[in-house]
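Step one of this worksheet: look at the structure below.
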Number of protein chains: 4
Amino acid sequence: MIIVMNSTATEGQIADIVERLSRDGVRVQRLDAERVALAATGARPDDALEAMPGVAAVLPDAGATPMVATPQRDHAGRTDPGDMARTDGAGSGHGDRESTAGFQVGEHRIGGGTFFCAAGPCSVEDPDTMHRIAGAVAAAGAVALRAGAYKPRSSPYSFQGMGEDGLAVAHAAAEAHGLLLVSEVLDATQIPIAARYVDILQVGARNMFNTTLLRELGRTHRPVLLKRGLAATIDEWLSAAEYIVSAGNPRVILCERGIRTFETATRNTLDLGALPVVRQRSHLPVLVDPSHAAGKRAYVRSMSRAAVAAGADGLLIEVHVDPDAATSDAAQTITPHALGRILQDARAIRNALDALDNGGR
Amino acid sequence: MIIVMNSTATEGQIADIVERLSRDGVRVQRLDAERVALAATGARPDDALEAMPGVAAVLPDAGATPMVATPQRDHAGRTDPGDMARTDGAGSGHGDRESTAGFQVGEHRIGGGTFFCAAGPCSVEDPDTMHRIAGAVAAAGAVALRAGAYKPRSSPYSFQGMGEDGLAVAHAAAEAHGLLLVSEVLDATQIPIAARYVDILQVGARNMFNTTLLRELGRTHRPVLLKRGLAATIDEWLSAAEYIVSAGNPRVILCERGIRTFETATRNTLDLGALPVVRQRSHLPVLVDPSHAAGKRAYVRSMSRAAVAAGADGLLIEVHVDPDAATSDAAQTITPHALGRILQDARAIRNALDALDNGGR
Amino acid sequence: MIIVMNSTATEGQIADIVERLSRDGVRVQRLDAERVALAATGARPDDALEAMPGVAAVLPDAGATPMVATPQRDHAGRTDPGDMARTDGAGSGHGDRESTAGFQVGEHRIGGGTFFCAAGPCSVEDPDTMHRIAGAVAAAGAVALRAGAYKPRSSPYSFQGMGEDGLAVAHAAAEAHGLLLVSEVLDATQIPIAARYVDILQVGARNMFNTTLLRELGRTHRPVLLKRGLAATIDEWLSAAEYIVSAGNPRVILCERGIRTFETATRNTLDLGALPVVRQRSHLPVLVDPSHAAGKRAYVRSMSRAAVAAGADGLLIEVHVDPDAATSDAAQTITPHALGRILQDARAIRNALDALDNGGR
Amino acid sequence: MIIVMNSTATEGQIADIVERLSRDGVRVQRLDAERVALAATGARPDDALEAMPGVAAVLPDAGATPMVATPQRDHAGRTDPGDMARTDGAGSGHGDRESTAGFQVGEHRIGGGTFFCAAGPCSVEDPDTMHRIAGAVAAAGAVALRAGAYKPRSSPYSFQGMGEDGLAVAHAAAEAHGLLLVSEVLDATQIPIAARYVDILQVGARNMFNTTLLRELGRTHRPVLLKRGLAATIDEWLSAAEYIVSAGNPRVILCERGIRTFETATRNTLDLGALPVVRQRSHLPVLVDPSHAAGKRAYVRSMSRAAVAAGADGLLIEVHVDPDAATSDAAQTITPHALGRILQDARAIRNALDALDNGGR
């Protein structure tokens with residue numbers, strides 16, 4: 001059982017509940033978040049508990065994700081998220097783009113009907129190359145630069161990234177071209193360093209289950225881009241988001257990047273069926289990373305189009321001015337020119353579907 | 001090694017090659033197809049062999065699928081399929097729709113830039129219901145009726161379908177509304193019966209590896225809709241198509257319907273990344289079945305949109321006038337109204353992308 | 001709902017039940033088996049139905065596998081199968097070997113505490129090689145020869161087997177050395193041919209969902225070795241067995257051969273956890289095929305040992321007198337000498353565990 | 001390319017190599033380990049480099065795991081690891097137990113032919129329960145107590161473990177009964193705390209890709225038990241071990257605990273085929289955790305027997321004096337009595353196979 005407290009709940013109210021439950025021998029664990037939540041192992045909800053002062057909600061299921069769940073009603077009031085569950089299957093197929101208000105990152109909005117694109121090299125490169133890439137992706141229509149300074153490599157002998165030096169290089173390049181910077185952190189010690197340079201902190205697929213990192217990211221004020229784990233179910237992915245949000249950081253951006261299956265023609269299997277599932281279960285914006293799913297540049301455009309049509313709130317794409325010279329992931333990296341065409345595609349698909357959705361359907 | 005003969009190769013030319021190889025102790029197997037092909041186990045291509053009269057091509061790899069492979073050059077000459085492999089990743093992301101000429105089924109074209117839709121109930125129902133469904137899906141824009149008369153059920157105690165009676169009912173309903181009929185066959189004995197009623201013979205996911213069935217379908221003159229197996233790689237799927245084509249039937253339609261993975265939120269994991277891969281390796285048209293992938297009707301529209309944008313040549317969707325009353329697969333069956341909206345979406349997406357592709361990219 | 005009739009049920013009794021259910025508008029399907037079973041779609045069990053003459057059991061769930069399920073009580077009375085479900089987890093870990101009586105195939109028993117081994121080449125080879133292999137595997141302790149005459153190959157250009165000629169060769173070799181013959185059939189037309197030569201008809205992993213083939217095998221009097229499908233759940237595998245048994249053939253031997261996963265170091269992932277699950281749910285004997293799971297001969301011995309210890313009723317192993325010269329599957333084929341060592345291992349493990357099980361545990 | 005230096009290599013020698021490579025524009029990264037290794041991105045091995053003073057080995061492949069790889073020759077000289085690769089497949093099927101010398105942890109040896117068993121509850125419980133469990137598993141034959149104080153839970157609202165208090169309780173219970181203590185750490189900050197109480201630090205499946213944690217564990221002097229990730233290939237698992245060993249800690253114990261597949265009858269799919277693969281590629285000892293693979297206590301004994309026969313160096317099993325009352329993982333937890341029977345099984349299987357291996361095979 002989870003007891004989520006009101007944001008105005010007093011320490012006295014919290015203590016009262018802990019005491020009441022402890023009296024019955026129930027183990028209570030307090031969760032460190034903006035809103036206090038109490039996990040009561042082995043106890044069941046009851047009306048009296050729900051009625052206690054300061055209690056916002058009492059949830060029976062420890063697997064629940066109350067803070068990332070879709071709200072009953074949209075703030076803008078334009079779309080009824082329940083639409084998707086309509087008996088006739090005619091729910092809004094565009095993935096209920098407007099059902100979430102989204103949130104602001106700098107001057108940009110993520111979610112809430114806006115389309116987001118972060119593009120750039122797998123790893124930070126030298127300053128000159130970074131500037132050229134940043135300029136080119138900005139010209140192509142990206143609003144953020146992505147570039148890795150801390151790389152989670154399978155082998156200890158692979159290049160592990162440039163660290164803080166790389167962040168500084170990437171930051172300068174992004175700033176010069178009016179781009180946000182997205183970059184990955186591998187552990188809690190890197191958060192304060194990265195927060196000096198990075199606008200959106202990324203959790204990689206290999207760290208999606210790293211609950212220590214998730215919790216620490218919940219204590220920052222930077223938005224977090226949370227990639228789905230290689231073998232994570234959608235429920236586990238939303239629970240990982242709940243770790244961040246319940247620790248106090250509501251700005252989580254989900255990112256589908258393919259799961260691991262038996263198929264080897266693509267690097268991973270892009271699970272676009274996850275998009276309508278996430279829409280039903282959460283109000284968080286969802287991006288798609290077609291580059292890591294494809295593994296080969298020839299497949300990136302087709303998979304990007306599919307992601308946009310499935311209702312993605314944006315794309316995360318590996319781009320380099322000279323793809324074959326990229327330090328890592330060269331095979332799946334595309335040119336700024338190819339990115340431009342993908343973003344043209346995205347606009348065309350979204351405009352076409354918006355016209356339908358707003359017209360007489 | 002495989003030796004593919006010219007379609008005009010004489011028996012004498014074939015015998016000469018077999019003799020030459022047999023002299024060297026090589027085991028030669030003749031493949032029964034419109035074009036003769038000889039599989040020579042353990043032998044390697046050589047120039048002299050390639051130069052023998054009647055030889056069209058000598059292929060080193062027994063895993064090759066020469067007859068389903070993408071031709072070097074498009075007949076219409078409009079699109080260069082190699083485009084997708086361009087260094088910059090700016091290959092045509094719409095999946096090279098025009099790279100295949102497609103083929104004719106009755107008055108309809110499948111592939112070659114045309115969009116195809118087969119819709120209807122999982123199992124054939126009573127004549128009245130079938131007529132109402134056929135009328136409704138025709139009105140919504142489908143060009144074919146899908147309905148199963150022979151059902152491949154996991155349990156011997158589940159309803160196994162209405163058999164020939166069901167085919168007659170479905171045929172009457174389709175004909176009355178100017179629709180083609182798509183229906184599944186489970187074994188070779190059903191082919192002559194089904195061929196009396198059905199325009200497109202379907203091979204289900206559970207039979208994709210049934211090489212006897214594939215070969216027999218290669219001897220019919222009906223087009224074959226070949227679903228991808230639950231755990232089949234793309235290469236194995238194309239090899240299954242090669243069984244049909246090499247036996248003499250060039251009209252094979254591929255259909256992606258989701259693969260089996262660890263994720264249970266959807267019934268299967270729709271692998272849209274397979275579409276650009278198939279485009280690269282084959283000229284055959286590819287449909288997508290979002291219904292079996294989703295397993296839940298709320299997800300069908302979003303997954304249909306994604307499939308169209310990824311470049312699918314059409315959709316195969318489970319539709320019923322009263323979805324909750326469907327004999328089987330009720331949970332994933334949508335209404336004709338929902339189908340109409342999906343086909344509107346499809347037109348909008350395709351028009352938008354066609355405009356881009358034909359304009360100044 | 002499934003109504004399983006007594007084996008002595010009269011046609012009149014069956015007609016009475018069909019009539020009663022049809023009166024209520026229930027669709028009833030009669031299953032062609034030694035015991036009549038009636039599948040009543042949409043109906044629910046009730047006491048009156050259960051009390052009708054001729055009824056053996058009324059089962060609520062269409063997914064049930066009543067005929068392959070573990071009997072409540074063992075005929076020999078020695079072991080309580082419920083043992084495995086004991087609260088303390090101290091159930092008989094050897095997989096309840098004695099909980100099934102097994103059945104007779106010629107002079108050999110399969111299941112019921114006996115250990116079975118079929119060994120031989122992937123494909124039938126020439127008569128001399130087959131005789132040498134048969135002699136060698138018999139000397140090593142195998143009781144059956146395995147050899148494929150009809151091969152389910154991914155590519156139509158791969159060698160498809162020697163057909164009936166191969167069966168004759170394999171039969172002669174097996175007979176000369178007192179071995180049973182196990183060989184695969186791909187479709188119903190091959191059954192009468194194969195039945196002239198083969199003692200145990202094999203269904204390959206790629207045909208496990210081929211319900212037409214399963215049903216036809218249920219009408220023969222030959223035992224059937226049923227391999228688990230590449231992506232088949234244990235429940236689907238048991239349902240495939242139920243197809244055969246419900247059609248009249250109780251002698252089904254299950255064979256675990258590895259499932260398809262993301263791991264590529266082995267050809268498939270051997271799922272030995274399936275053995276205790278099958279023990280709990282079925283009385284059918286279970287073999288293990290370590291060769292197709294391993295894909296490399298260096299791993300076959302270790303995986304064979306594990307299979308025996310997990311409680312397998314026997315092994316199916318690819319063996320050749322000159323492994324590197326085998327026509328197919330050479331990489332996973334071992335020598336007769338290696339087979340001899342594996343069978344020594346099997347005896348040692350089984351003796352050690354039997355001593356424990358019979359002693360003071 | 002990786003250059004592994006001799007343990008006696010001087011800083012001057014290292015600098016010479018870095019300089020030579022840098023001169024050619026090669027990026028060189030120094031790895032912080034007992035033995036210095038240099039990763040040279042984009043460079044290829046050459047004879048002159050190999051001949052430079054201080055160089056132990058030059059490896060072409062960045063995916064290589066030189067420090068966890070099987071040595072060419074066993075120290076004890078008893079077994080030839082190459083045996084497994086023998087042409088006839090008769091390599092030692094017991095998984096070459098003696099091919100690794102193993103290492104010492106306190107008074108116990110892990111690997112090198114010794115059998116290890118860690119048993120205990122999923123989570124640390126109250127002191128009294130812990131003492132009773134520790135006493136019972138010691139009596140049953142375990143040499144280590146396993147108990148989690150930091151729990152990596154999917155949900156932030158699930159019980160997260162007792163933290164340091166739990167470690168103190170577990171330590172006291174283990175010490176009182178002469179047991180080693182195995183317990184999991186989730187991040188680097190927990191290492192110094194855990195090192196005060198714990199003999200073997202565990203990395204859970206969800207943290208196998210957490211390279212920061214792996215590297216920090218490489219800097220401790222505590223042995224590390226490294227579980228295989230949910231979707232990790234064997235190569236990625238060995239690379240994770242290489243992170244620890246290359247950072248200075250050679251005492252890594254691998255632990256197979258099941259991978260994630262489509263099958264749901266067991267919690268995970270135990271991949272025992274991984275054992276002979278690991279034996280071929282590494283000298284590190286390998287344990288098996290049948291509890292997390294099974295997910296149900298009825299399957300633990302059969303899977304334990306299989307693991308021992310496959311050549312596991314030991315078992316990690318969830319045990320509780322009152323399994324149904326366990327705080328977490330109750331369904332897969334067995335009694336001390338059941339553990340006792342499993343360890344009897346293990347001795348019996350190992351004795352039987354040892355007798356064969358040492359006798360006249």
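By convention here, the chains of the structure tokens are called A, B, ... in the order presented, each chain's residues are numbered starting at 1, and ligands are numbered starting at 1 in the order presented.
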
DSSP strand (DSSP E) selection over region 69-265 of chain A, as number ranges by chain: A: 103-105, 108-110, 116-120, 144-146, 180-184, 200-203, 224-227, 252-256

Can I get the selected residues back with N, CA and C atoms, as a CSV table (one decimal), in the first residue's frame?
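Dumped everything to part-v6.csv:
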```
chain,number,residue,atom,x,y,z
A,103,PHE,N,5.9,20.3,-20.8
A,103,PHE,CA,6.5,21.2,-19.9
A,103,PHE,C,7.6,22.0,-20.7
A,104,GLN,N,8.0,23.1,-20.0
A,104,GLN,CA,8.9,24.0,-20.6
A,104,GLN,C,10.4,23.6,-20.3
A,105,VAL,N,11.3,23.7,-21.3
A,105,VAL,CA,12.7,23.5,-21.1
A,105,VAL,C,13.3,24.7,-21.8
A,108,HIS,N,11.9,26.2,-25.0
A,108,HIS,CA,11.2,25.2,-25.8
A,108,HIS,C,10.2,24.4,-24.9
A,109,ARG,N,9.1,24.0,-25.5
A,109,ARG,CA,8.2,23.1,-24.9
A,109,ARG,C,8.4,21.7,-25.3
A,110,ILE,N,8.3,20.8,-24.4
A,110,ILE,CA,8.4,19.4,-24.8
A,110,ILE,C,7.1,18.7,-24.4
A,116,PHE,N,9.7,18.0,-30.9
A,116,PHE,CA,11.0,18.2,-30.4
A,116,PHE,C,12.0,17.4,-31.2
A,117,CYS,N,13.2,17.9,-31.4
A,117,CYS,CA,14.2,17.1,-32.0
A,117,CYS,C,15.6,17.4,-31.5
A,118,ALA,N,16.2,16.4,-31.0
A,118,ALA,CA,17.6,16.5,-30.5
A,118,ALA,C,18.5,15.7,-31.5
A,119,ALA,N,19.6,16.3,-32.0
A,119,ALA,CA,20.4,15.6,-33.0
A,119,ALA,C,21.8,15.9,-32.7
A,120,GLY,N,22.7,15.0,-33.1
A,120,GLY,CA,24.1,15.2,-32.9
A,120,GLY,C,24.9,13.9,-32.9
A,144,ALA,N,17.7,20.8,-30.2
A,144,ALA,CA,18.7,20.5,-29.2
A,144,ALA,C,19.8,19.7,-29.9
A,145,LEU,N,21.0,19.8,-29.2
A,145,LEU,CA,22.2,19.1,-29.6
A,145,LEU,C,22.3,17.9,-28.7
A,146,ARG,N,22.5,16.7,-29.2
A,146,ARG,CA,22.8,15.6,-28.4
A,146,ARG,C,24.3,15.2,-28.6
A,180,LEU,N,19.5,23.7,-27.2
A,180,LEU,CA,19.6,23.0,-25.9
A,180,LEU,C,20.6,21.9,-26.0
A,181,LEU,N,21.2,21.5,-24.8
A,181,LEU,CA,22.1,20.4,-24.9
A,181,LEU,C,21.6,19.2,-24.1
A,182,VAL,N,21.6,18.0,-24.7
A,182,VAL,CA,21.2,16.7,-24.1
A,182,VAL,C,22.4,15.9,-23.9
A,183,SER,N,22.7,15.4,-22.7
A,183,SER,CA,23.9,14.5,-22.6
A,183,SER,C,23.7,13.6,-21.4
A,184,GLU,N,24.3,12.4,-21.6
A,184,GLU,CA,24.1,11.3,-20.6
A,184,GLU,C,25.0,11.4,-19.4
A,200,ILE,N,19.3,19.0,-20.6
A,200,ILE,CA,18.5,17.8,-20.3
A,200,ILE,C,19.5,16.6,-20.0
A,201,LEU,N,19.3,16.0,-18.8
A,201,LEU,CA,20.2,14.9,-18.4
A,201,LEU,C,19.6,13.6,-18.9
A,202,GLN,N,20.4,12.8,-19.6
A,202,GLN,CA,19.9,11.6,-20.2
A,202,GLN,C,20.3,10.4,-19.3
A,203,VAL,N,19.4,9.5,-19.2
A,203,VAL,CA,19.7,8.2,-18.6
A,203,VAL,C,19.6,7.2,-19.7
A,224,VAL,N,14.8,15.3,-17.3
A,224,VAL,CA,15.6,14.0,-17.5
A,224,VAL,C,15.0,13.3,-18.7
A,225,LEU,N,15.8,12.9,-19.6
A,225,LEU,CA,15.4,12.0,-20.7
A,225,LEU,C,15.7,10.6,-20.3
A,226,LEU,N,14.7,9.8,-20.2
A,226,LEU,CA,14.8,8.4,-19.7
A,226,LEU,C,14.6,7.4,-20.8
A,227,LYS,N,15.7,6.8,-21.2
A,227,LYS,CA,15.6,5.7,-22.3
A,227,LYS,C,15.1,4.4,-21.7
A,252,VAL,N,10.1,14.5,-16.7
A,252,VAL,CA,10.7,13.4,-17.2
A,252,VAL,C,10.2,13.2,-18.7
A,253,ILE,N,11.2,12.9,-19.6
A,253,ILE,CA,10.9,12.7,-21.0
A,253,ILE,C,11.2,11.2,-21.3
A,254,LEU,N,10.2,10.4,-21.7
A,254,LEU,CA,10.5,9.0,-22.0
A,254,LEU,C,11.1,8.9,-23.4
A,255,CYS,N,11.9,7.9,-23.6
A,255,CYS,CA,12.5,7.7,-25.0
A,255,CYS,C,12.6,6.2,-25.3
A,256,GLU,N,11.8,5.8,-26.3
A,256,GLU,CA,11.8,4.4,-26.8
A,256,GLU,C,13.0,4.3,-27.8
```

Which residues of chain B come within 9 Å of chain D, and what is each one's closest atom pair and distance in Å (one decimal), counting only C-alpha atoms, sorted by chain and residue number, as a tab-separated table?
```
residue	atom	partner	partner_atom	distance
B:Arg260	CA	D:Phe262	CA	6.5
B:Thr261	CA	D:Phe262	CA	5.1
B:Phe262	CA	D:Phe262	CA	4.4
B:Glu263	CA	D:Phe262	CA	7.6
B:Thr264	CA	D:Phe262	CA	8.6
```

Please produce a file of the residues just selected, as a CSV table (one decimal), in the first residue's frame, where the atoms kept are N, CA, C and O atoms.
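The resulting file, out.csv, is shown below:
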```
chain,number,residue,atom,x,y,z
B,260,ARG,N,7.3,-12.4,-31.4
B,260,ARG,CA,7.1,-12.7,-30.0
B,260,ARG,C,8.3,-12.2,-29.2
B,260,ARG,O,9.4,-12.6,-29.4
B,261,THR,N,8.1,-11.4,-28.1
B,261,THR,CA,9.2,-10.9,-27.3
B,261,THR,C,8.7,-11.0,-25.8
B,261,THR,O,7.6,-11.6,-25.5
B,262,PHE,N,9.5,-10.5,-24.9
B,262,PHE,CA,9.2,-10.5,-23.5
B,262,PHE,C,8.0,-9.5,-23.1
B,262,PHE,O,7.4,-9.7,-22.0
B,263,GLU,N,7.7,-8.6,-24.0
B,263,GLU,CA,6.7,-7.5,-23.6
B,263,GLU,C,5.3,-8.1,-23.7
B,263,GLU,O,5.0,-8.7,-24.7
B,264,THR,N,4.5,-7.9,-22.7
B,264,THR,CA,3.2,-8.4,-22.7
B,264,THR,C,2.1,-7.4,-22.8
B,264,THR,O,0.9,-7.7,-22.8
```

Who sits within 12 Å of Ala309 (chain A), only C-alpha atoms, same chain under 2 positions skipped, as a PyMOL selection string: (chain A and resi 92-97+115+272-273+275-276+288+302-307+311-315+345-354) or (chain B and resi 301-311+342+345-346+348-350+352-353)

Near-region 123-134 of chain A list (7 Å; only C-alpha atoms; drop same-chain fewer than 5 positions) as a PDB file with all heavy atoms, in the first residue's frame:
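Final file, out-v1.pdb:
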```pdb
ATOM      1  N   LEU A 145      20.989  19.844 -29.225  1.00  0.00           N
ATOM      2  CA  LEU A 145      22.170  19.090 -29.636  1.00  0.00           C
ATOM      3  C   LEU A 145      22.309  17.901 -28.695  1.00  0.00           C
ATOM      4  O   LEU A 145      22.190  18.054 -27.478  1.00  0.00           O
ATOM      5  CB  LEU A 145      23.413  19.988 -29.521  1.00  0.00           C
ATOM      6  CG  LEU A 145      24.764  19.358 -29.905  1.00  0.00           C
ATOM      7  CD1 LEU A 145      24.838  19.104 -31.408  1.00  0.00           C
ATOM      8  CD2 LEU A 145      25.909  20.276 -29.464  1.00  0.00           C
ATOM      9  N   ALA A 147      24.991  14.850 -27.563  1.00  0.00           N
ATOM     10  CA  ALA A 147      26.399  14.474 -27.683  1.00  0.00           C
ATOM     11  C   ALA A 147      26.821  13.879 -26.354  1.00  0.00           C
ATOM     12  O   ALA A 147      26.539  14.437 -25.303  1.00  0.00           O
ATOM     13  CB  ALA A 147      27.253  15.696 -28.015  1.00  0.00           C
ATOM     14  N   GLY A 148      27.514  12.747 -26.408  1.00  0.00           N
ATOM     15  CA  GLY A 148      27.878  12.032 -25.188  1.00  0.00           C
ATOM     16  C   GLY A 148      29.278  12.358 -24.722  1.00  0.00           C
ATOM     17  O   GLY A 148      30.226  12.297 -25.505  1.00  0.00           O
ATOM     18  N   ALA A 149      29.413  12.709 -23.463  1.00  0.00           N
ATOM     19  CA  ALA A 149      30.731  12.965 -22.886  1.00  0.00           C
ATOM     20  C   ALA A 149      31.136  11.826 -21.942  1.00  0.00           C
ATOM     21  O   ALA A 149      32.314  11.550 -21.748  1.00  0.00           O
ATOM     22  CB  ALA A 149      30.727  14.288 -22.122  1.00  0.00           C
ATOM     23  N   GLY A 161      34.715   8.309 -23.546  1.00  0.00           N
ATOM     24  CA  GLY A 161      34.186   9.666 -23.612  1.00  0.00           C
ATOM     25  C   GLY A 161      35.158  10.691 -23.050  1.00  0.00           C
ATOM     26  O   GLY A 161      36.095  10.359 -22.332  1.00  0.00           O
ATOM     27  N   GLY A 166      34.549  17.374 -22.582  1.00  0.00           N
ATOM     28  CA  GLY A 166      33.590  17.172 -23.661  1.00  0.00           C
ATOM     29  C   GLY A 166      32.320  17.957 -23.428  1.00  0.00           C
ATOM     30  O   GLY A 166      31.742  18.533 -24.359  1.00  0.00           O
ATOM     31  N   VAL A 169      32.901  21.555 -24.391  1.00  0.00           N
ATOM     32  CA  VAL A 169      32.912  21.708 -25.852  1.00  0.00           C
ATOM     33  C   VAL A 169      31.492  21.683 -26.407  1.00  0.00           C
ATOM     34  O   VAL A 169      31.093  22.524 -27.222  1.00  0.00           O
ATOM     35  CB  VAL A 169      33.779  20.600 -26.496  1.00  0.00           C
ATOM     36  CG1 VAL A 169      33.555  20.536 -28.006  1.00  0.00           C
ATOM     37  CG2 VAL A 169      35.257  20.805 -26.163  1.00  0.00           C
ATOM     38  N   ALA A 170      30.722  20.698 -25.964  1.00  0.00           N
ATOM     39  CA  ALA A 170      29.361  20.545 -26.477  1.00  0.00           C
ATOM     40  C   ALA A 170      28.500  21.744 -26.085  1.00  0.00           C
ATOM     41  O   ALA A 170      27.695  22.239 -26.877  1.00  0.00           O
ATOM     42  CB  ALA A 170      28.738  19.249 -25.957  1.00  0.00           C
ATOM     43  N   ALA A 173      29.238  24.726 -28.289  1.00  0.00           N
ATOM     44  CA  ALA A 173      28.675  24.539 -29.633  1.00  0.00           C
ATOM     45  C   ALA A 173      27.169  24.735 -29.622  1.00  0.00           C
ATOM     46  O   ALA A 173      26.593  25.386 -30.498  1.00  0.00           O
ATOM     47  CB  ALA A 173      29.042  23.150 -30.161  1.00  0.00           C
ATOM     48  N   ALA A 174      26.511  24.182 -28.613  1.00  0.00           N
ATOM     49  CA  ALA A 174      25.050  24.298 -28.530  1.00  0.00           C
ATOM     50  C   ALA A 174      24.652  25.761 -28.357  1.00  0.00           C
ATOM     51  O   ALA A 174      23.761  26.273 -29.043  1.00  0.00           O
ATOM     52  CB  ALA A 174      24.521  23.442 -27.377  1.00  0.00           C
ATOM     53  N   HIS A 177      24.695  28.125 -31.271  1.00  0.00           N
ATOM     54  CA  HIS A 177      23.662  27.956 -32.304  1.00  0.00           C
ATOM     55  C   HIS A 177      22.258  27.913 -31.705  1.00  0.00           C
ATOM     56  O   HIS A 177      21.325  27.440 -32.355  1.00  0.00           O
ATOM     57  CB  HIS A 177      23.959  26.710 -33.128  1.00  0.00           C
ATOM     58  CG  HIS A 177      25.251  26.807 -33.855  1.00  0.00           C
ATOM     59  ND1 HIS A 177      25.387  27.489 -35.034  1.00  0.00           N
ATOM     60  CD2 HIS A 177      26.515  26.372 -33.524  1.00  0.00           C
ATOM     61  CE1 HIS A 177      26.650  27.451 -35.434  1.00  0.00           C
ATOM     62  NE2 HIS A 177      27.363  26.775 -34.525  1.00  0.00           N
ATOM     63  N   HIS A 320      26.026  13.548 -37.949  1.00  0.00           N
ATOM     64  CA  HIS A 320      27.420  13.990 -37.989  1.00  0.00           C
ATOM     65  C   HIS A 320      27.655  14.614 -39.362  1.00  0.00           C
ATOM     66  O   HIS A 320      27.075  14.165 -40.345  1.00  0.00           O
ATOM     67  CB  HIS A 320      28.344  12.779 -37.784  1.00  0.00           C
ATOM     68  CG  HIS A 320      29.751  13.145 -37.439  1.00  0.00           C
ATOM     69  ND1 HIS A 320      30.648  13.650 -38.370  1.00  0.00           N
ATOM     70  CD2 HIS A 320      30.434  13.075 -36.272  1.00  0.00           C
ATOM     71  CE1 HIS A 320      31.808  13.872 -37.772  1.00  0.00           C
ATOM     72  NE2 HIS A 320      31.709  13.528 -36.494  1.00  0.00           N
ATOM     73  N   VAL A 321      28.494  15.623 -39.411  1.00  0.00           N
ATOM     74  CA  VAL A 321      28.771  16.224 -40.717  1.00  0.00           C
ATOM     75  C   VAL A 321      29.507  15.254 -41.631  1.00  0.00           C
ATOM     76  O   VAL A 321      29.432  15.347 -42.857  1.00  0.00           O
ATOM     77  CB  VAL A 321      29.570  17.555 -40.603  1.00  0.00           C
ATOM     78  CG1 VAL A 321      28.652  18.665 -40.085  1.00  0.00           C
ATOM     79  CG2 VAL A 321      30.788  17.393 -39.688  1.00  0.00           C
ATOM     80  N   THR A 327      33.295   9.079 -34.195  1.00  0.00           N
ATOM     81  CA  THR A 327      34.084   8.281 -33.259  1.00  0.00           C
ATOM     82  C   THR A 327      33.370   6.996 -32.873  1.00  0.00           C
ATOM     83  O   THR A 327      33.979   5.963 -32.675  1.00  0.00           O
ATOM     84  CB  THR A 327      34.354   9.107 -31.980  1.00  0.00           C
ATOM     85  OG1 THR A 327      34.909  10.347 -32.372  1.00  0.00           O
ATOM     86  CG2 THR A 327      35.298   8.376 -31.041  1.00  0.00           C
ATOM     87  N   SER A 328      32.055   7.051 -32.712  1.00  0.00           N
ATOM     88  CA  SER A 328      31.318   5.837 -32.367  1.00  0.00           C
ATOM     89  C   SER A 328      29.980   5.840 -33.092  1.00  0.00           C
ATOM     90  O   SER A 328      29.494   6.875 -33.518  1.00  0.00           O
ATOM     91  CB  SER A 328      31.108   5.729 -30.843  1.00  0.00           C
ATOM     92  OG  SER A 328      30.778   6.982 -30.284  1.00  0.00           O
TER      93      SER A 328
END
```

Neighbour list for Gln13 (chain A) as a count of residues only, cut-off 9 Å, only C-alpha atoms, skip fewer than 4 positions in-chain: 7

Atom pair CA of Ala331 (chain D) / CA of Pro156 (chain D): separation (Å):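 Calculated distance between CA of Ala331 (chain D) and CA of Pro156 (chain D) is 21.3 Å.
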
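One distance worth recording is that between CA of Glu107 (chain A) and CA of Arg196 (chain A), which is 17.9 Å.
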
Point-to-point distance from CA of Val245 (chain A) to CA of Val28 (chain A), Å rounded to tenths: 20.2 Å
